[in-house]
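Asks: Structure provided below as structure tokens; questions to follow.
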Amino acid sequence: MKIKLIIGEKEELIEISENKTVKNLLDIIDIASETVVVKKNDFIVIDEEIIEDGDLIEVIQVIYGG
């Protein structure tokens, strides 16, 4: 299945297998889930959210520090 993935200014269509979660996707693209917030079709979702064909996934880096 194909999804649209947005990370910062970079947008791309990618192919992933079915029944993948947000956590699975983050593992595939080598991003730690603790460092980002993920939106699916404009709604913030949790790591266990299932990704479906045609979804728009936006990965937003969390800025933190002291």
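In the structure tokens, chains take the letters A, B, ... in the order shown, each chain's residues start at 1, and ligands count up from 1 in the order shown.
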Could you give me, as a ChimeraX atom specification, the residues within 10 Å of segment 11-13 of chain A, counting only C-alpha atoms and dropping anything in the same chain fewer than 3 positions from it?
Replies: /A:2-8,16,54,56-58
Asks: Could those residues be written to a file, using N, CA and C atoms, as a PDB file, in the first residue's frame?
Replies:
```pdb
ATOM      1  N   LYS A   2       0.328   2.346  -0.478  1.00  0.00           N
ATOM      2  CA  LYS A   2       1.090   3.585  -0.572  1.00  0.00           C
ATOM      3  C   LYS A   2       0.545   4.605   0.418  1.00  0.00           C
ATOM      4  N   ILE A   3       1.489   5.343   1.014  1.00  0.00           N
ATOM      5  CA  ILE A   3       1.126   6.446   1.912  1.00  0.00           C
ATOM      6  C   ILE A   3       1.967   7.655   1.536  1.00  0.00           C
ATOM      7  N   LYS A   4       1.493   8.812   1.946  1.00  0.00           N
ATOM      8  CA  LYS A   4       2.268  10.037   1.773  1.00  0.00           C
ATOM      9  C   LYS A   4       2.927  10.337   3.110  1.00  0.00           C
ATOM     10  N   LEU A   5       4.238  10.477   3.098  1.00  0.00           N
ATOM     11  CA  LEU A   5       5.010  10.718   4.312  1.00  0.00           C
ATOM     12  C   LEU A   5       5.632  12.103   4.251  1.00  0.00           C
ATOM     13  N   ILE A   6       5.397  12.888   5.297  1.00  0.00           N
ATOM     14  CA  ILE A   6       5.977  14.228   5.397  1.00  0.00           C
ATOM     15  C   ILE A   6       6.867  14.266   6.641  1.00  0.00           C
ATOM     16  N   ILE A   7       8.127  14.636   6.422  1.00  0.00           N
ATOM     17  CA  ILE A   7       9.064  14.844   7.529  1.00  0.00           C
ATOM     18  C   ILE A   7       9.704  16.204   7.303  1.00  0.00           C
ATOM     19  N   GLY A   8       9.335  17.178   8.125  1.00  0.00           N
ATOM     20  CA  GLY A   8       9.824  18.545   7.924  1.00  0.00           C
ATOM     21  C   GLY A   8       9.315  19.087   6.598  1.00  0.00           C
ATOM     22  N   ILE A  16       4.530   0.659   1.787  1.00  0.00           N
ATOM     23  CA  ILE A  16       4.761  -0.192   2.959  1.00  0.00           C
ATOM     24  C   ILE A  16       3.779  -1.355   2.913  1.00  0.00           C
ATOM     25  N   GLY A  54      -3.277   5.035   1.492  1.00  0.00           N
ATOM     26  CA  GLY A  54      -3.665   6.396   1.157  1.00  0.00           C
ATOM     27  C   GLY A  54      -3.539   7.391   2.297  1.00  0.00           C
ATOM     28  N   LEU A  56      -2.107  10.048   4.999  1.00  0.00           N
ATOM     29  CA  LEU A  56      -1.105  11.110   5.045  1.00  0.00           C
ATOM     30  C   LEU A  56      -0.492  11.051   6.430  1.00  0.00           C
ATOM     31  N   ILE A  57       0.796  10.759   6.498  1.00  0.00           N
ATOM     32  CA  ILE A  57       1.504  10.657   7.769  1.00  0.00           C
ATOM     33  C   ILE A  57       2.514  11.785   7.855  1.00  0.00           C
ATOM     34  N   GLU A  58       2.419  12.587   8.915  1.00  0.00           N
ATOM     35  CA  GLU A  58       3.355  13.681   9.126  1.00  0.00           C
ATOM     36  C   GLU A  58       4.118  13.433  10.415  1.00  0.00           C
TER      37      GLU A  58
END
```
Asks: Kindly indicate which residue among A:Glu48, A:Tyr64, A:Ser33, A:Val59 lies nearest to Thr21 of chain A, using only C-alpha atoms for the distances.
Replies: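 Ranked by minimum distance to Thr21 of chain A, first place goes to A:Glu48.
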Asks: From the set A:Met1, A:Glu9, A:Glu15, A:Ile60, which residue has the shortest atom-to-atom contact distance to Thr35 of chain A, counting only C-alpha atoms?
Replies: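 Answer, going by the shortest atom-to-atom distance: A:Ile60.
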Asks: Find the distance between atom CA of Asn19 of chain A and atom CA of Asp47 of chain A and write it in Å to one decimal.
Replies: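 So the answer is 13.0 Å.
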Asks: For the structure I just gave you, how does DSSP split chain A - specifically, which residues are alpha helix (DSSP H)? Reply as a PyMOL selection string.
Replies: chain A and resi 22-28
Asks: The selected residues should be written to file as a PDB file, in the first residue's frame (atoms: C-alpha atoms).
Replies:
```pdb
ATOM      1  CA  VAL A  22       3.016   4.115  13.340  1.00  0.00           C
ATOM      2  CA  LYS A  23       5.750   2.516  15.497  1.00  0.00           C
ATOM      3  CA  ASN A  24       6.576   0.049  12.676  1.00  0.00           C
ATOM      4  CA  LEU A  25       6.876   2.948  10.227  1.00  0.00           C
ATOM      5  CA  LEU A  26       9.142   4.918  12.564  1.00  0.00           C
ATOM      6  CA  ASP A  27      11.363   1.835  12.941  1.00  0.00           C
ATOM      7  CA  ILE A  28      11.517   1.470   9.131  1.00  0.00           C
TER       8      ILE A  28
END
```
Asks: Taking the DSSP assignment computed from this structure's backbone, write out as a VMD selection string all residues of chain A that belong to strand (DSSP E).
Replies: chain A and resid 2 to 7 10 to 15 36 to 40 43 to 45 56 to 61
Asks: Atoms to include: C-alpha atoms. Write the selected residues as a compact mmCIF listing (two decimals), in the first residue's frame.
Replies:
```txt
# COMPACT_ATOMS: atom_id res chain seq x y z
CA LYS A 2 1.09 3.59 -0.57
CA ILE A 3 1.13 6.45 1.91
CA LYS A 4 2.27 10.04 1.77
CA LEU A 5 5.01 10.72 4.31
CA ILE A 6 5.98 14.23 5.40
CA ILE A 7 9.06 14.84 7.53
CA LYS A 10 10.36 16.66 2.74
CA GLU A 11 7.31 14.97 1.18
CA GLU A 12 7.30 11.57 -0.49
CA LEU A 13 5.05 8.70 -1.48
CA ILE A 14 6.27 5.45 0.00
CA GLU A 15 5.17 1.84 -0.24
CA VAL A 36 8.57 12.91 17.45
CA VAL A 37 4.84 13.49 17.31
CA VAL A 38 3.00 11.75 14.48
CA LYS A 39 -0.13 13.00 12.72
CA LYS A 40 -2.28 10.71 10.58
CA PHE A 43 -4.89 14.08 13.73
CA ILE A 44 -2.24 13.29 16.35
CA VAL A 45 -2.04 9.52 16.86
CA LEU A 56 -1.10 11.11 5.04
CA ILE A 57 1.50 10.66 7.77
CA GLU A 58 3.35 13.68 9.13
CA VAL A 59 6.32 13.22 11.44
CA ILE A 60 7.02 16.30 13.59
CA GLN A 61 10.30 16.59 15.49
```
